[in-house]
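**Q** File protein-v4.pdb below, PDB, C-alpha atoms, pLDDT in the B column:
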```
ATOM      1  CA  LEU A   1     -27.127  74.141   8.232  1.00 48.00           C
ATOM      2  CA  GLU A   2     -25.643  72.320   5.336  1.00 67.00           C
ATOM      3  CA  LEU A   3     -23.769  69.130   6.169  1.00 76.00           C
ATOM      4  CA  SER A   4     -21.315  69.971   3.413  1.00 77.00           C
ATOM      5  CA  LYS A   5     -20.002  72.765   5.636  1.00 85.00           C
ATOM      6  CA  LYS A   6     -19.371  70.374   8.529  1.00 92.00           C
ATOM      7  CA  ILE A   7     -16.898  67.605   9.273  1.00 94.00           C
ATOM      8  CA  LYS A   8     -18.124  64.033   9.795  1.00 95.00           C
ATOM      9  CA  VAL A   9     -16.306  62.750  12.891  1.00 96.00           C
ATOM     10  CA  LEU A  10     -18.207  59.534  13.533  1.00 96.00           C
ATOM     11  CA  SER A  11     -20.421  57.019  11.735  1.00 97.00           C
ATOM     12  CA  VAL A  12     -21.994  53.756  12.953  1.00 98.00           C
ATOM     13  CA  SER A  13     -24.453  51.445  11.174  1.00 98.00           C
ATOM     14  CA  ARG A  14     -26.646  48.450  11.832  1.00 98.00           C
ATOM     15  CA  ASP A  15     -28.935  46.333   9.666  1.00 98.00           C
ATOM     16  CA  TYR A  16     -32.486  45.450  10.703  1.00 98.00           C
ATOM     17  CA  ASP A  17     -34.843  42.733   9.488  1.00 97.00           C
ATOM     18  CA  VAL A  18     -37.674  45.196   8.816  1.00 96.00           C
ATOM     19  CA  THR A  19     -38.917  47.213   5.873  1.00 94.00           C
ATOM     20  CA  ILE A  20     -37.514  50.664   5.194  1.00 94.00           C
ATOM     21  CA  LYS A  21     -40.924  52.171   6.062  1.00 92.00           C
ATOM     22  CA  THR A  22     -40.896  50.562   9.502  1.00 94.00           C
ATOM     23  CA  LEU A  23     -37.364  51.776  10.189  1.00 95.00           C
ATOM     24  CA  CYS A  24     -38.114  55.315   8.983  1.00 92.00           C
ATOM     25  CA  TYR A  25     -41.362  55.539  10.925  1.00 92.00           C
ATOM     26  CA  THR A  26     -39.639  54.497  14.142  1.00 94.00           C
ATOM     27  CA  VAL A  27     -36.639  56.800  13.751  1.00 93.00           C
ATOM     28  CA  VAL A  28     -38.490  59.916  12.550  1.00 88.00           C
ATOM     29  CA  HIS A  29     -41.240  59.940  15.181  1.00 87.00           C
ATOM     30  CA  PHE A  30     -40.033  61.616  18.356  1.00 86.00           C
ATOM     31  CA  GLU A  31     -42.447  59.730  20.612  1.00 87.00           C
ATOM     32  CA  PHE A  32     -40.367  56.573  20.112  1.00 93.00           C
ATOM     33  CA  ARG A  33     -36.864  58.049  20.461  1.00 91.00           C
ATOM     34  CA  HIS A  34     -36.622  57.517  24.234  1.00 91.00           C
ATOM     35  CA  LEU A  35     -37.282  53.809  23.682  1.00 93.00           C
ATOM     36  CA  TRP A  36     -34.024  53.321  21.831  1.00 95.00           C
ATOM     37  CA  HIS A  37     -31.725  56.330  22.119  1.00 91.00           C
ATOM     38  CA  GLY A  38     -29.352  55.872  25.039  1.00 83.00           C
ATOM     39  CA  ARG A  39     -29.247  59.406  26.449  1.00 87.00           C
ATOM     40  CA  ILE A  40     -32.734  60.673  25.683  1.00 91.00           C
ATOM     41  CA  LYS A  41     -35.323  60.407  28.421  1.00 90.00           C
ATOM     42  CA  MET A  42     -37.980  62.271  26.432  1.00 87.00           C
ATOM     43  CA  ILE A  43     -38.504  64.834  23.690  1.00 86.00           C
ATOM     44  CA  ASP A  44     -40.817  67.748  24.283  1.00 84.00           C
ATOM     45  CA  GLU A  45     -41.705  71.152  22.882  1.00 73.00           C
ATOM     46  CA  VAL A  46     -42.253  69.552  19.513  1.00 69.00           C
ATOM     47  CA  GLU A  47     -43.551  72.224  17.145  1.00 67.00           C
ATOM     48  CA  HIS A  48     -45.034  69.801  14.606  1.00 62.00           C
ATOM     49  CA  PHE A  49     -46.323  66.221  14.625  1.00 58.00           C
ATOM     50  CA  LEU A  50     -44.004  65.362  11.738  1.00 57.00           C
ATOM     51  CA  PRO A  51     -40.605  67.020  11.670  1.00 56.00           C
ATOM     52  CA  GLY A  52     -39.994  69.662   9.070  1.00 74.00           C
ATOM     53  CA  VAL A  53     -36.808  71.538   8.298  1.00 80.00           C
ATOM     54  CA  GLY A  54     -36.450  74.342  10.823  1.00 79.00           C
ATOM     55  CA  SER A  55     -38.838  72.904  13.425  1.00 82.00           C
ATOM     56  CA  ARG A  56     -37.472  72.873  16.963  1.00 85.00           C
ATOM     57  CA  HIS A  57     -37.711  70.407  19.817  1.00 86.00           C
ATOM     58  CA  ARG A  58     -36.007  69.744  23.123  1.00 87.00           C
ATOM     59  CA  HIS A  59     -34.155  66.621  24.183  1.00 91.00           C
ATOM     60  CA  VAL A  60     -34.484  65.913  27.891  1.00 91.00           C
ATOM     61  CA  LEU A  61     -31.473  63.749  28.716  1.00 90.00           C
ATOM     62  CA  ASP A  62     -31.183  60.994  31.292  1.00 88.00           C
ATOM     63  CA  ASN A  63     -28.826  63.192  33.361  1.00 90.00           C
ATOM     64  CA  GLY A  64     -31.493  65.931  33.636  1.00 88.00           C
ATOM     65  CA  LYS A  65     -29.857  68.301  31.150  1.00 92.00           C
ATOM     66  CA  THR A  66     -31.633  69.546  28.055  1.00 92.00           C
ATOM     67  CA  GLU A  67     -30.600  70.287  24.481  1.00 91.00           C
ATOM     68  CA  MET A  68     -32.544  72.490  22.085  1.00 93.00           C
ATOM     69  CA  MET A  69     -32.494  70.926  18.647  1.00 90.00           C
ATOM     70  CA  TYR A  70     -33.848  71.777  15.232  1.00 89.00           C
ATOM     71  CA  ILE A  71     -34.434  69.703  12.133  1.00 88.00           C
ATOM     72  CA  SER A  72     -31.699  70.659   9.683  1.00 89.00           C
ATOM     73  CA  SER A  73     -32.565  68.296   6.815  1.00 88.00           C
ATOM     74  CA  PHE A  74     -35.264  65.844   5.829  1.00 89.00           C
ATOM     75  CA  ILE A  75     -35.387  63.844   2.612  1.00 89.00           C
ATOM     76  CA  TYR A  76     -37.977  61.055   2.529  1.00 86.00           C
ATOM     77  CA  ASP A  77     -37.710  58.292  -0.050  1.00 87.00           C
ATOM     78  CA  PRO A  78     -39.534  55.211   1.276  1.00 78.00           C
ATOM     79  CA  GLU A  79     -38.188  53.074  -1.562  1.00 84.00           C
ATOM     80  CA  GLY A  80     -34.527  53.983  -1.269  1.00 89.00           C
ATOM     81  CA  LYS A  81     -32.884  56.230   1.281  1.00 93.00           C
ATOM     82  CA  THR A  82     -34.326  58.621   3.860  1.00 93.00           C
ATOM     83  CA  ILE A  83     -32.109  61.231   5.473  1.00 93.00           C
ATOM     84  CA  PHE A  84     -33.096  63.120   8.591  1.00 90.00           C
ATOM     85  CA  SER A  85     -30.765  65.341  10.590  1.00 94.00           C
ATOM     86  CA  GLU A  86     -31.048  67.416  13.702  1.00 93.00           C
ATOM     87  CA  THR A  87     -28.682  70.111  14.886  1.00 93.00           C
ATOM     88  CA  ASN A  88     -27.919  71.211  18.421  1.00 92.00           C
ATOM     89  CA  GLU A  89     -28.665  74.942  18.688  1.00 92.00           C
ATOM     90  CA  LYS A  90     -25.875  75.543  21.193  1.00 91.00           C
ATOM     91  CA  ASP A  91     -22.806  73.780  19.799  1.00 91.00           C
ATOM     92  CA  LYS A  92     -24.076  73.334  16.207  1.00 91.00           C
ATOM     93  CA  SER A  93     -23.208  69.615  16.194  1.00 93.00           C
ATOM     94  CA  THR A  94     -25.444  67.569  13.901  1.00 95.00           C
ATOM     95  CA  THR A  95     -26.642  63.989  14.069  1.00 95.00           C
ATOM     96  CA  CYS A  96     -27.717  62.566  10.748  1.00 96.00           C
ATOM     97  CA  PHE A  97     -30.004  59.507  10.568  1.00 96.00           C
ATOM     98  CA  VAL A  98     -29.659  57.700   7.238  1.00 97.00           C
ATOM     99  CA  ALA A  99     -32.167  54.883   6.660  1.00 96.00           C
ATOM    100  CA  GLN A 100     -31.420  52.817   3.584  1.00 97.00           C
ATOM    101  CA  LYS A 101     -33.346  50.002   1.929  1.00 96.00           C
ATOM    102  CA  ILE A 102     -31.132  46.913   1.513  1.00 96.00           C
ATOM    103  CA  SER A 103     -33.869  44.498   0.362  1.00 95.00           C
ATOM    104  CA  GLU A 104     -37.648  44.196   0.727  1.00 92.00           C
ATOM    105  CA  HIS A 105     -37.313  43.168   4.381  1.00 93.00           C
ATOM    106  CA  THR A 106     -33.876  44.462   5.356  1.00 96.00           C
ATOM    107  CA  SER A 107     -32.918  48.046   6.112  1.00 97.00           C
ATOM    108  CA  ARG A 108     -29.819  49.796   7.419  1.00 98.00           C
ATOM    109  CA  LEU A 109     -29.643  52.750   9.770  1.00 98.00           C
ATOM    110  CA  THR A 110     -26.482  54.798   9.861  1.00 98.00           C
ATOM    111  CA  LEU A 111     -25.953  57.422  12.541  1.00 97.00           C
ATOM    112  CA  GLU A 112     -23.466  60.096  11.523  1.00 97.00           C
ATOM    113  CA  TYR A 113     -22.130  62.799  13.820  1.00 96.00           C
ATOM    114  CA  TYR A 114     -20.855  66.106  12.443  1.00 96.00           C
ATOM    115  CA  LEU A 115     -18.999  69.047  13.993  1.00 95.00           C
ATOM    116  CA  GLN A 116     -18.290  72.559  12.823  1.00 92.00           C
ATOM    117  CA  PRO A 117     -14.941  72.753  10.993  1.00 91.00           C
ATOM    118  CA  ASN A 118     -12.768  73.720  13.950  1.00 91.00           C
ATOM    119  CA  ILE A 119      -9.503  71.845  14.438  1.00 92.00           C
ATOM    120  CA  LEU A 120      -9.465  72.415  18.209  1.00 92.00           C
ATOM    121  CA  LYS A 121     -13.015  71.035  18.617  1.00 90.00           C
ATOM    122  CA  GLN A 122     -12.139  68.044  16.434  1.00 92.00           C
ATOM    123  CA  VAL A 123      -8.985  67.258  18.439  1.00 94.00           C
ATOM    124  CA  LEU A 124     -10.860  67.613  21.737  1.00 93.00           C
ATOM    125  CA  PHE A 125     -13.660  65.400  20.434  1.00 94.00           C
ATOM    126  CA  ASN A 126     -11.192  62.706  19.367  1.00 93.00           C
ATOM    127  CA  MET A 127      -9.355  62.861  22.696  1.00 94.00           C
ATOM    128  CA  THR A 128     -12.269  63.089  25.115  1.00 94.00           C
ATOM    129  CA  GLU A 129     -15.632  62.233  23.502  1.00 94.00           C
ATOM    130  CA  ARG A 130     -15.177  59.861  20.555  1.00 95.00           C
ATOM    131  CA  LYS A 131     -15.147  56.610  22.549  1.00 96.00           C
ATOM    132  CA  ASN A 132     -18.230  57.462  24.638  1.00 94.00           C
ATOM    133  CA  LYS A 133     -20.165  58.825  21.663  1.00 95.00           C
ATOM    134  CA  THR A 134     -19.364  55.710  19.605  1.00 96.00           C
ATOM    135  CA  GLU A 135     -20.538  53.414  22.420  1.00 96.00           C
ATOM    136  CA  GLU A 136     -23.688  55.490  22.928  1.00 94.00           C
ATOM    137  CA  MET A 137     -24.566  55.329  19.236  1.00 96.00           C
ATOM    138  CA  GLN A 138     -23.843  51.592  18.948  1.00 97.00           C
ATOM    139  CA  GLN A 139     -25.940  50.827  22.032  1.00 96.00           C
ATOM    140  CA  SER A 140     -28.764  52.960  20.658  1.00 96.00           C
ATOM    141  CA  LEU A 141     -28.705  50.998  17.401  1.00 97.00           C
ATOM    142  CA  GLU A 142     -28.797  47.740  19.372  1.00 97.00           C
ATOM    143  CA  ARG A 143     -31.813  48.898  21.420  1.00 96.00           C
ATOM    144  CA  LEU A 144     -33.532  50.029  18.224  1.00 97.00           C
ATOM    145  CA  ASP A 145     -33.541  46.414  17.025  1.00 96.00           C
ATOM    146  CA  LYS A 146     -36.177  45.411  19.588  1.00 95.00           C
ATOM    147  CA  VAL A 147     -38.249  48.563  19.032  1.00 96.00           C
ATOM    148  CA  VAL A 148     -38.490  48.206  15.235  1.00 96.00           C
ATOM    149  CA  MET A 149     -39.362  44.523  15.515  1.00 95.00           C
ATOM    150  CA  GLU A 150     -42.419  45.433  17.634  1.00 94.00           C
ATOM    151  CA  MET A 151     -43.405  48.552  15.665  1.00 94.00           C
ATOM    152  CA  VAL A 152     -46.738  48.668  13.846  1.00 90.00           C
ATOM    153  CA  VAL A 153     -46.695  51.233  11.071  1.00 88.00           C
ATOM    154  CA  PRO A 154     -49.989  52.941  10.169  1.00 85.00           C
ATOM    155  CA  LEU A 155     -51.180  52.281   6.618  1.00 78.00           C
ATOM    156  CA  GLU A 156     -51.062  55.995   5.724  1.00 73.00           C
ATOM    157  CA  PHE A 157     -47.318  56.304   6.415  1.00 69.00           C
TER     158      PHE A 157
END
```
Please express what this file holds, its structure, as structure tokens.
**A**
Amino acid sequence: LELSKKIKVLSVSRDYDVTIKTLCYTVVHFEFRHLWHGRIKMIDEVEHFLPGVGSRHRHVLDNGKTEMMYISSFIYDPEGKTIFSETNEKDKSTTCFVAQKISEHTSRLTLEYYLQPNILKQVLFNMTERKNKTEEMQQSLERLDKVVMEMVVPLEF
């Protein structure tokens, strides 16, 4: 699904003292997501080792629930900006991961959250979910700091 057809309802960012390749490698590989993402306990049913547009996977959440997701966009530019997004099959919400090179050893990750253009869903999100989702995303970015600092990126990435 094209992000241009959706409404961005939330965006949080954090800078990291690592290269853009290290940040991208950590964020894109599902086997590391549970180490930093607040709600995700594990990701399974991965169709491909590296995500490709249209590939599906399942988030197993810390509360025992699951979400079927698919990769809705992937643009890899290790010298500038990498954009990776995944969309929830059920509610069609999309989380976009934007990794941007700030300097040789500083990178920024921005998490953006998009909803379908539906005024009722947007109002309900703002009234009931915005605060928790913002905290969840900020905490995830904080936890990511430790993970990226310990990450060893393979030479072929």
**Q** Take the PyMOL selection byres ((chain A and resi 34-40) around 7), run it mentally on this structure, and tell me the resulting residues as a PyMOL selection string.
**A** chain A and resi 32-33+41-42+59-62+136+139-140+143-144+147
**Q** Once the PyMOL selection byres ((chain A and resi 77) around 12) has been applied to the shown file, what residues remain in the selection, as a list of chain:residue names?
**A** A:Ile20, A:Lys21, A:Cys24, A:Tyr25, A:Phe74, A:Ile75, A:Tyr76, A:Pro78, A:Glu79, A:Gly80, A:Lys81, A:Thr82, A:Ile83, A:Phe84, A:Val98, A:Ala99, A:Gln100, A:Lys101, A:Phe157
**Q** Could you write out as a VMD selection string the residues that the PyMOL selection byres ((chain A and resi 109) around 7) matches in the shown file?
**A** chain A and resid 13 to 15 97 to 100 107 to 108 110 to 111
**Q** Each side padded by 3 Å, which centre and which edge lengths in Å (one decimal) define the axis-aligned box around the listed atoms of range 101-104 of chain A? Give them as AutoDock Vina command-line options.
**A**
```
--center_x -34.4 --center_y 47.1 --center_z 1.1 --size_x 12.5 --size_y 11.8 --size_z 7.6
```
**Q** Determine the nearest neighbour of Tyr16 in chain A from the options A:Gln116, A:Thr106, A:Gln138, A:Asn126, counting all atoms listed in the file.
**A**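 Among A:Gln116, A:Thr106, A:Gln138, A:Asn126, it is A:Thr106 that comes nearest to Tyr16 in chain A.
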**Q** Can you tell me which residues surround Asn118 in chain A at a distance of at most 10 Å, considering only C-alpha atoms, apart from same-chain residues fewer than 5 positions away, and format the answer as a list in words?
**A**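 So, after excluding close chain neighbours, the residues are Lys6, Ile7 and Val123 of chain A.
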**Q** Identify the residues around (-22.6, 73.2, 12.3) within a radius of 7 Å, measuring from all atoms listed in the file in the coordinates stated by the file, and give them as JSON, numbers by chain.
**A** {"A": [1, 6, 92, 93, 94, 115, 116]}
**Q** Under the rule that all atoms listed in the file are counted, which of A:Met137, A:Glu150, A:Met127, A:His57 is the nearest residue to Thr95 in chain A?
**A** A:Met137
**Q** Under the rule that all atoms listed in the file are counted, which of A:Thr26, A:Ser103, A:Thr66, A:Thr128 is the nearest residue to Glu45 in chain A?
**A** A:Thr66
**Q** Considering all atoms listed in the file, state which residue in the set A:Asn63, A:Ser4, A:Ser55, A:Thr22 is at the smallest distance from Pro154 in chain A.
**A**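 Selected residue with least distance to Pro154 in chain A: A:Thr22.
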**Q** Distance CA of Phe30 in chain A-CA of Asp44 in chain A, one decimal place?
**A**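 Here the two named atoms are 8.6 Å from each other.
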**Q** Quote the spacing between CA of Arg130 in chain A and CA of Glu142 in chain A in Å to one decimal place.
**A**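 Spanning CA of Arg130 in chain A to CA of Glu142 in chain A is a straight-line distance of 18.3 Å.
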**Q** Between CA of Lys133 in chain A and CA of Asp17 in chain A, what is the spacing in Å?
**A**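 One can read the CA of Asp17 in chain A to CA of Lys133 in chain A distance as 25.0 Å.
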**Q** Which is closest to Val53 in chain A among A:Tyr70, A:Lys65, A:Ser11, A:Tyr113, if we use all atoms listed in the file?
**A** A:Tyr70
**Q** Which residue is closest to Lys146 in chain A? Choose from A:Leu3, A:Leu23, A:Val9, A:Ile71 and count only C-alpha atoms.
**A** A:Leu23
